[in-house]
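Source file: structure.csv; contents: CSV, C-alpha atoms.
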chain,number,residue,atom,x,y,z
D,1,MET,CA,-34.8,71.2,39.5
D,2,ARG,CA,-36.2,67.8,40.5
D,3,PRO,CA,-35.8,65.0,37.9
D,4,VAL,CA,-39.6,64.6,37.4
D,5,ARG,CA,-40.1,68.3,36.9
D,6,ARG,CA,-37.1,68.6,34.6
D,7,ARG,CA,-38.4,65.8,32.4
D,8,ALA,CA,-41.8,67.4,32.3
D,9,VAL,CA,-40.3,70.6,31.0
D,10,ILE,CA,-38.2,68.8,28.4
D,11,VAL,CA,-41.3,66.9,27.1
D,12,VAL,CA,-43.8,69.8,27.0
D,13,LEU,CA,-41.4,72.6,25.9
D,14,PRO,CA,-41.4,71.8,22.1
D,15,PHE,CA,-45.2,71.8,22.0
D,16,VAL,CA,-45.4,75.1,23.8
D,17,LEU,CA,-42.7,76.6,21.5
D,18,ALA,CA,-44.5,75.3,18.4
D,19,TRP,CA,-47.8,76.8,19.6
D,20,ALA,CA,-46.1,80.1,20.3
D,21,VAL,CA,-44.5,80.2,16.8
D,22,VAL,CA,-47.9,79.4,15.1
D,23,VAL,CA,-49.7,82.1,17.2
D,24,ALA,CA,-46.9,84.6,16.5
D,25,THR,CA,-47.1,83.8,12.8
D,26,TYR,CA,-50.9,84.3,12.9
D,27,ALA,CA,-50.5,87.6,14.7
D,28,GLY,CA,-48.0,88.8,12.1
D,29,LEU,CA,-50.1,87.8,9.1
D,30,ARG,CA,-53.6,88.5,10.6
D,31,ASP,CA,-54.3,91.5,8.3
D,32,ARG,CA,-53.4,89.5,5.2
D,33,LEU,CA,-55.4,86.3,6.0
D,34,PRO,CA,-58.8,85.5,4.5
D,35,ASP,CA,-61.7,84.3,6.5
D,36,PRO,CA,-62.3,81.4,6.3
D,37,LEU,CA,-58.9,79.9,6.0
D,38,ALA,CA,-58.0,77.1,3.6
D,39,THR,CA,-57.0,74.3,5.9
D,40,HIS,CA,-57.3,71.1,3.9
D,41,PHE,CA,-55.6,70.4,0.6
D,42,GLY,CA,-55.9,67.7,-2.1
D,43,ALA,CA,-53.2,65.7,-3.7
D,44,ASP,CA,-52.8,68.4,-6.4
D,45,GLY,CA,-52.1,71.1,-3.7
D,46,GLY,CA,-55.5,72.8,-4.2
D,47,ALA,CA,-57.6,73.8,-1.2
D,48,ASP,CA,-60.7,71.7,-0.6
D,49,GLY,CA,-61.5,72.4,3.1
D,50,PHE,CA,-62.0,75.6,5.1
D,51,THR,CA,-62.0,76.8,8.7
D,52,GLY,CA,-62.8,80.1,10.3
D,53,THR,CA,-59.9,82.1,11.7
D,54,GLY,CA,-61.2,81.9,15.3
D,55,ALA,CA,-61.8,78.2,15.1
D,56,PHE,CA,-58.3,77.7,13.6
D,57,LEU,CA,-56.6,79.1,16.7
D,58,SER,CA,-58.8,77.0,18.9
D,59,VAL,CA,-57.8,73.9,16.9
D,60,VAL,CA,-54.1,74.8,17.0
D,61,THR,CA,-54.2,75.3,20.8
D,62,ALA,CA,-56.1,72.0,21.3
D,63,VAL,CA,-53.9,70.0,19.0
D,64,LEU,CA,-50.5,71.2,20.1
D,65,LEU,CA,-51.0,71.7,23.8
D,66,GLY,CA,-53.2,68.6,24.0
D,67,SER,CA,-50.5,66.5,22.2
D,68,GLY,CA,-48.0,67.8,24.7
D,69,LEU,CA,-50.0,66.6,27.6
D,70,LEU,CA,-50.8,63.3,26.0
D,71,THR,CA,-47.0,62.8,25.4
D,72,LEU,CA,-46.2,63.8,28.9
D,73,VAL,CA,-48.2,61.3,30.8
D,74,PRO,CA,-46.6,58.1,29.4
D,75,THR,CA,-43.2,59.7,29.4
D,76,LEU,CA,-43.3,60.4,33.2
D,77,ARG,CA,-44.3,56.8,33.9
D,78,LEU,CA,-41.2,55.5,32.1
D,79,THR,CA,-39.0,55.4,35.2
D,80,LYS,CA,-36.8,52.7,33.8
D,81,GLY,CA,-35.4,52.0,30.3
D,82,LEU,CA,-33.4,54.7,28.6
D,83,GLY,CA,-34.5,53.3,25.2
D,84,ALA,CA,-38.2,53.7,25.9
D,85,GLN,CA,-37.6,57.2,27.3
D,86,ARG,CA,-35.7,58.2,24.1
D,87,PHE,CA,-38.4,56.8,21.9
D,88,ALA,CA,-41.2,58.6,23.8
D,89,VAL,CA,-39.4,61.9,23.9
D,90,ALA,CA,-38.2,61.7,20.3
D,91,LEU,CA,-41.8,60.9,19.1
D,92,GLY,CA,-43.1,63.9,21.0
D,93,TYR,CA,-40.4,66.2,19.6
D,94,GLY,CA,-40.9,64.9,16.1
D,95,MET,CA,-44.7,65.4,16.4
D,96,SER,CA,-44.3,69.0,17.7
D,97,GLY,CA,-42.0,69.8,14.7
D,98,LEU,CA,-44.3,68.3,12.2
D,99,LEU,CA,-47.5,70.0,13.5
D,100,GLY,CA,-45.7,73.3,14.1
D,101,TYR,CA,-44.4,73.5,10.6
D,102,ALA,CA,-47.7,72.3,9.1
D,103,PHE,CA,-49.8,75.0,10.9
D,104,ALA,CA,-47.3,77.8,10.2
D,105,SER,CA,-46.9,76.9,6.5
D,106,LEU,CA,-50.7,76.8,6.2
D,107,LEU,CA,-50.9,80.4,7.4
D,108,PHE,CA,-48.2,81.5,4.9
D,109,ALA,CA,-50.0,79.8,2.1
D,110,ASN,CA,-53.2,81.7,3.0
D,111,ALA,CA,-51.5,85.1,3.2
D,112,ASP,CA,-52.8,87.6,0.6
D,113,ALA,CA,-55.1,85.0,-0.9
D,114,ASN,CA,-58.7,85.6,-1.8
D,115,ALA,CA,-61.2,82.9,-0.5
D,116,ASP,CA,-64.9,83.3,-1.1
D,117,ALA,CA,-68.0,81.3,-0.1
D,118,ASP,CA,-71.4,81.5,-1.8
D,119,ALA,CA,-74.8,80.6,-0.5
D,120,ASP,CA,-74.3,77.0,-1.6
D,121,ALA,CA,-71.2,76.8,0.6
D,122,THR,CA,-69.1,76.0,-2.5
D,123,ARG,CA,-65.8,77.6,-1.8
D,124,VAL,CA,-63.4,78.7,-4.5
D,125,SER,CA,-59.9,79.6,-3.5
D,126,ARG,CA,-56.6,80.4,-5.1
D,127,VAL,CA,-54.8,79.0,-2.0
D,128,SER,CA,-52.5,76.1,-2.7
D,129,LEU,CA,-50.0,74.1,-0.6
D,130,PRO,CA,-47.6,72.1,-2.8
D,131,LEU,CA,-46.8,68.5,-1.7
D,132,TRP,CA,-43.1,69.4,-1.2
D,133,HIS,CA,-44.1,71.1,2.0
D,134,LEU,CA,-44.7,67.6,3.4
D,135,GLY,CA,-41.1,66.7,2.7
D,136,ILE,CA,-39.9,69.8,4.6
D,137,ALA,CA,-42.3,69.0,7.5
D,138,LEU,CA,-40.9,65.4,7.7
D,139,ALA,CA,-37.4,66.8,7.7
D,140,VAL,CA,-38.2,69.2,10.5
D,141,ALA,CA,-39.8,66.3,12.4
D,142,ALA,CA,-36.6,64.2,12.0
D,143,VAL,CA,-34.4,67.0,13.3
D,144,MET,CA,-36.6,67.6,16.3
D,145,GLY,CA,-36.8,63.9,16.9
D,146,ALA,CA,-33.0,63.7,17.0
D,147,LEU,CA,-32.9,66.6,19.4
D,148,GLY,CA,-35.5,64.7,21.6
D,149,VAL,CA,-33.2,61.7,21.7
D,150,LEU,CA,-30.3,63.8,22.7
D,151,LEU,CA,-32.2,65.6,25.5
D,152,ALA,CA,-33.7,62.3,26.8
D,153,SER,CA,-30.2,60.8,27.1
D,154,ARG,CA,-28.9,63.9,28.9
D,155,ASP,CA,-31.9,64.0,31.2
D,156,ALA,CA,-31.3,60.4,32.2
D,157,ALA,CA,-27.6,61.1,32.8
D,158,SER,CA,-28.3,64.1,35.0
D,159,ALA,CA,-31.0,62.3,36.9
D,160,ALA,CA,-28.5,59.7,37.9
D,161,GLY,CA,-26.6,62.4,39.8
D,162,PRO,CA,-23.3,64.2,39.3
D,163,GLY,CA,-20.2,62.3,38.6
D,164,LYS,CA,-17.5,61.8,41.2
D,165,ARG,CA,-15.3,64.8,41.8
D,166,ALA,CA,-11.7,64.1,41.1
D,167,ALA,CA,-9.0,66.2,42.6
D,168,ALA,CA,-6.8,67.1,39.6
D,169,PRO,CA,-3.2,66.1,40.0
D,170,ARG,CA,-0.5,68.8,39.5
D,171,LEU,CA,1.2,69.0,36.2
D,172,PRO,CA,5.0,68.8,36.8
D,173,LEU,CA,6.7,71.9,35.5
D,174,ALA,CA,10.4,72.8,35.9
D,175,GLU,CA,11.3,76.2,37.5
D,176,GLY,CA,10.7,78.8,34.9
D,177,GLU,CA,9.1,76.4,32.4
D,178,VAL,CA,6.1,77.8,30.5
D,179,ALA,CA,3.2,75.7,29.4
D,180,THR,CA,-0.1,76.3,27.6
D,181,TRP,CA,-3.1,74.1,27.1
D,182,THR,CA,-5.8,74.7,24.5
D,183,ARG,CA,-8.7,72.8,23.1
D,184,SER,CA,-11.6,73.6,20.7
D,185,VAL,CA,-15.1,72.6,21.7
D,186,GLY,CA,-18.3,72.7,19.7
D,187,SER,CA,-22.0,72.4,20.4
D,188,PRO,CA,-24.3,70.6,17.9
D,189,VAL,CA,-27.3,71.8,20.0
D,190,LEU,CA,-26.4,75.5,19.6
D,191,VAL,CA,-25.9,75.0,15.9
D,192,ALA,CA,-29.3,73.4,15.6
D,193,VAL,CA,-30.9,76.2,17.7
D,194,GLY,CA,-29.1,78.9,15.7
D,195,ALA,CA,-30.3,77.4,12.4
D,196,GLY,CA,-33.8,76.7,13.6
D,197,THR,CA,-34.1,80.3,14.8
D,198,ALA,CA,-32.4,82.1,11.9
D,199,LEU,CA,-34.2,80.2,9.1
D,200,PRO,CA,-37.8,81.1,10.3
D,201,GLY,CA,-36.5,84.6,10.8
D,202,ALA,CA,-35.4,84.8,7.2
D,203,VAL,CA,-38.8,83.5,6.1
D,204,LEU,CA,-40.5,86.2,8.1
D,205,VAL,CA,-38.3,88.9,6.7
D,206,ALA,CA,-39.0,87.6,3.2
D,207,VAL,CA,-42.7,88.0,3.7
D,208,GLY,CA,-42.3,91.5,5.1
D,209,SER,CA,-42.4,90.9,8.9
D,210,GLY,CA,-40.0,92.9,11.0
D,211,ALA,CA,-40.1,90.4,13.8
D,212,GLY,CA,-37.9,88.1,11.7
D,213,ALA,CA,-34.8,90.4,12.2
D,214,LEU,CA,-34.8,89.6,15.9
D,215,LEU,CA,-34.9,85.8,15.2
D,216,ILE,CA,-32.0,86.1,12.7
D,217,PHE,CA,-30.0,88.0,15.3
D,218,VAL,CA,-30.6,85.4,18.0
D,219,GLY,CA,-29.7,82.6,15.5
D,220,LEU,CA,-26.4,84.4,14.6
D,221,VAL,CA,-25.5,84.8,18.3
D,222,CYS,CA,-26.1,81.0,18.8
D,223,ALA,CA,-24.0,80.2,15.8
D,224,ALA,CA,-21.2,82.5,17.1
D,225,LEU,CA,-21.2,80.6,20.4
D,226,ALA,CA,-21.5,77.2,18.9
D,227,ARG,CA,-17.7,76.7,18.7
D,228,CYS,CA,-15.1,78.2,21.0
D,229,ARG,CA,-11.4,77.7,21.9
D,230,VAL,CA,-10.6,77.2,25.6
D,231,THR,CA,-7.0,78.1,26.7
D,232,VAL,CA,-5.1,77.8,30.0
D,233,ASP,CA,-1.8,79.5,30.5
D,234,ARG,CA,0.0,81.6,33.1
D,235,ARG,CA,-2.6,84.3,32.7
D,236,GLY,CA,-5.5,82.0,33.7
D,237,LEU,CA,-8.4,80.7,31.7
D,238,ALA,CA,-9.6,82.2,28.4
D,239,VAL,CA,-12.6,81.3,26.1
D,240,ALA,CA,-12.8,82.9,22.7
D,241,SER,CA,-15.3,82.4,19.8
D,242,TRP,CA,-14.1,80.4,16.8
D,243,PHE,CA,-14.4,83.3,14.3
D,244,ALA,CA,-12.5,86.0,16.2
D,245,PRO,CA,-10.1,86.4,19.2
D,246,ARG,CA,-12.4,89.2,20.5
D,247,PRO,CA,-14.6,89.4,22.4
D,248,ARG,CA,-13.4,86.7,24.8
D,249,MET,CA,-14.1,85.6,28.4
D,250,ARG,CA,-11.0,85.6,30.7
D,251,ILE,CA,-10.6,84.6,34.3
D,252,ALA,CA,-7.3,85.7,35.7
D,253,LEU,CA,-5.1,83.2,37.6
D,254,ASP,CA,-5.2,85.2,40.8
D,255,ARG,CA,-9.0,84.9,40.8
D,256,ILE,CA,-8.9,81.0,40.8
D,257,GLU,CA,-8.5,79.1,44.1
D,258,ARG,CA,-8.6,75.6,42.7
D,259,ALA,CA,-9.5,73.6,39.6
D,260,THR,CA,-11.1,70.2,39.2
D,261,SER,CA,-12.6,68.2,36.4
D,262,ARG,CA,-15.5,65.7,36.2
D,263,GLU,CA,-18.3,64.5,33.9
D,264,ALA,CA,-21.3,66.7,33.8
D,265,ALA,CA,-24.6,66.6,32.0
D,266,ALA,CA,-25.6,69.8,30.1
D,267,LEU,CA,-29.0,70.0,31.8
D,268,SER,CA,-27.4,69.6,35.3
D,269,LEU,CA,-25.5,72.8,34.5
D,270,GLY,CA,-28.6,74.6,33.5
D,271,GLY,CA,-28.7,73.9,29.7
D,272,TRP,CA,-26.7,75.0,26.7
D,273,GLY,CA,-24.9,78.3,26.3
D,274,TYR,CA,-23.9,80.7,29.0
D,275,ARG,CA,-25.8,79.8,32.2
D,276,VAL,CA,-26.0,81.6,35.5
D,277,ARG,CA,-27.1,79.3,38.4
D,278,GLY,CA,-27.1,79.3,42.1
D,279,GLY,CA,-23.5,79.7,43.4
D,280,GLY,CA,-21.9,80.2,40.0
D,281,SER,CA,-22.0,80.2,36.2
D,282,ALA,CA,-21.2,77.9,33.3
D,283,LEU,CA,-20.4,77.9,29.6
D,284,VAL,CA,-22.0,74.7,28.3
D,285,PHE,CA,-21.4,73.3,24.9
D,286,ARG,CA,-22.4,69.7,25.4
D,287,SER,CA,-22.5,67.0,28.1
D,288,GLY,CA,-19.3,65.2,29.0
D,289,ASP,CA,-15.9,66.3,30.4
D,290,ALA,CA,-16.0,69.6,32.2
D,291,LEU,CA,-13.5,72.0,33.9
D,292,PHE,CA,-14.7,73.5,37.2
D,293,LEU,CA,-13.0,76.5,38.8
D,294,MET,CA,-13.5,77.5,42.4
D,295,LEU,CA,-13.1,81.2,42.4
D,296,ALA,CA,-11.7,83.5,45.2
D,297,THR,CA,-15.2,85.0,45.5
D,298,GLY,CA,-16.6,81.5,46.6
D,299,ARG,CA,-18.5,81.1,43.3
D,300,GLU,CA,-17.9,78.3,40.8
D,301,PHE,CA,-17.3,78.6,37.0
D,302,ALA,CA,-17.6,75.6,34.7
D,303,VAL,CA,-16.9,75.0,31.0
D,304,THR,CA,-17.5,71.8,29.2
D,305,VAL,CA,-14.4,70.8,27.2
D,306,ASP,CA,-12.4,67.6,26.4
D,307,ASP,CA,-9.3,66.8,28.4
D,308,ALA,CA,-10.4,69.0,31.2
D,309,ALA,CA,-8.3,67.0,33.7
D,310,THR,CA,-5.1,68.2,32.0
D,311,ALA,CA,-6.4,71.8,32.0
D,312,ALA,CA,-7.2,71.5,35.8
D,313,ALA,CA,-3.8,70.0,36.6
D,314,LEU,CA,-2.0,72.8,34.7
D,315,LEU,CA,-4.1,75.5,36.4
D,316,ASN,CA,-3.4,74.0,39.9
D,317,THR,CA,0.3,73.9,39.2
D,318,LEU,CA,0.3,77.5,38.0
D,319,ILE,CA,-1.8,78.6,41.0
D,320,GLU,CA,0.6,76.8,43.4
D,321,ARG,CA,3.6,78.4,41.7
D,322,ASP,CA,2.0,81.9,41.7
D,323,ARG,CA,0.8,82.0,45.3
D,324,PRO,CA,4.3,81.8,47.1
D,325,ALA,CA,5.5,84.6,44.8
D,326,ALA,CA,2.6,86.7,45.8
D,327,GLY,CA,3.3,86.0,49.4
D,328,GLU,CA,6.9,87.1,49.1
D,329,ARG,CA,5.9,90.3,47.4
D,330,GLY,CA,3.5,91.1,50.3
Would you write out, as structure tokens, the structure that this file holds?
Amino acid sequence: MRPVRRRAVIVVLPFVLAWAVVVATYAGLRDRLPDPLATHFGADGGADGFTGTGAFLSVVTAVLLGSGLLTLVPTLRLTKGLGAQRFAVALGYGMSGLLGYAFASLLFANADANADADADATRVSRVSLPLWHLGIALAVAAVMGALGVLLASRDAASAAGPGKRAAAPRLPLAEGEVATWTRSVGSPVLVAVGAGTALPGAVLVAVGSGAGALLIFVGLVCAALARCRVTVDRRGLAVASWFAPRPRMRIALDRIERATSREAAALSLGGWGYRVRGGGSALVFRSGDALFLMLATGREFAVTVDDAATAAALLNTLIERDRPAAGERG
């Protein structure tokens, strides 16, 4: 993906997701919502302003998608200055989180409430939205803003181009000597995504929506993949989750032609988690040091992990030791 297009996706995506969450919440609560909706609240939490349900969705669409476009224009013009890019993207992410939570919490507050209007247009409603929701909205905005800073930094790193490929040196091993290399690697992004998906799912389940179960499942999968242990030994490469030795991903030594290491941005590998891309696949936890395997099939597999140079060196030594033995057996 071209740098400009990639940056556009990064900037607009949270607003689109926030809009989708609000629309999905509306669809799930539609039969339980009054018309009009209480959409403005006083300092005491009581409703003092109302909007029709149809107009509400129009306002949500205009505010969220419009804000995304307004954030996109100046961000694309910032071709220099990582600090300015971080600020612009963080501001957009924080705004999407704040607005998304505000609109969704407003719908939940209206659920199962009775709102009436008389001929004098004096509306009386039992809908309330306590002030502590503002604190949660600001916390969501802060988390989203931090994620925006992270993504802006990674986008700038990936736009600068991939790092130099370094041929991994062999790791000296005596004849018959056995060696194993292992490291744990975690992903703050996957933790944040898991929590950000599971918590709304739990809220939806609590209010009786079956759609929440799927969100909880996705959140738990992200949490399970958020930390893994990468191991290199005479059998090849293995990656296992932090909480159990099975299931695990294993690439046998005889499937690996060559191993190298280099710095890589998460976005340049397709994003976080297990990614399939042209010519190969990757298991991405964060940007930084990464191990790259050229497989016998001609495809490439990458995993982001610290001290990848040592892992590559050991793999190359083991491959070199194994190949002659395979030739003699043939």
For Arg262 of chain D, which residue out of D:Val63, D:Ala311, D:Ala238, D:Leu215 is the nearest one, using all atoms listed in the file?
->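 Of the candidates, the smallest distance to Arg262 of chain D is held by D:Ala311.
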By how many Å are atom CA of Gly196 of chain D and atom CA of Gly219 of chain D apart?
->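 For atom CA of Gly196 of chain D relative to atom CA of Gly219 of chain D, the distance reads 7.4 Å.
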Leaving out Ala240 of chain D and any residue of its chain fewer than 3 positions from it, which residues lie within 12 Å of it when counting all atoms listed in the file, given as a PyMOL selection string?
-> chain D and resi 182-186+224-232+237+243-251+283
What gap, in Å, lies between atom CA of Ala90 of chain D and atom CA of Gly212 of chain D?
->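 So the two atoms, atom CA of Ala90 of chain D and atom CA of Gly212 of chain D, lie 27.8 Å apart.
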Near-Ala213 of chain D list (10 Å; only C-alpha atoms; drop same-chain fewer than 5 positions) as a ChimeraX atom specification | /D:198,200-202,204-205,218-219
Atom pair atom CA of Ala174 of chain D / atom CA of Ala309 of chain D: separation (Å) |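 Interatomic distance here is 19.7 Å.
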Answer as a list in words, residues within 12 Å of (-53.3, 70.7, 22.0) using all atoms listed in the file |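 Output of the proximity query reads Val12, Pro14, Phe15, Val16, Ala18, Trp19, Ala20, Leu57, Ser58, Val59, Val60, Thr61, Ala62, Val63, Leu64, Leu65, Gly66, Ser67, Gly68, Leu69, Leu70, Thr71, Met95, Ser96, Leu99 and Gly100 of chain D.
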Nearest to Asp307 of chain D, chosen from D:Asp322, D:Asp31, D:Glu263, D:Glu257, with all atoms listed in the file counted in the distances =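 Once distances to Asp307 of chain D are computed over all atoms listed in the file, the minimum belongs to D:Glu263.
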Counting all atoms listed in the file, the option among D:Val178, D:Ala88, D:Ile319, D:Val221 closest to Gly236 of chain D |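 Of the candidates, the smallest distance to Gly236 of chain D is held by D:Ile319.
Residues in contact with Tyr274 of chain D at up to 10 Å, not including ones fewer than 3 positions away on its chain and judged by only C-alpha atoms, are Leu225, Leu269, Gly270, Gly271, Ser281, Ala282, Leu283, Val284, Phe285, Ala302 and Val303 of chain D.
Distance annotation: of D:Leu13, D:Ala179, D:Val21, D:Leu37, the residue with the minimal separation from Arg234 of chain D is D:Ala179; atom set is only C-alpha atoms.
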Find the residues near Met294 of chain D: any atom within 10 Å, counting all atoms listed in the file, skip ones fewer than 5 places away on the same chain, and give them as number ranges by chain.
-> D: 255-260, 280, 299-302
Excluding Val305 of chain D and any residue of its chain fewer than 6 positions from it, enumerate the residues within 7 Å of it, using all atoms listed in the file, and give them as a PyMOL selection string.
-> chain D and resi 185+289-291
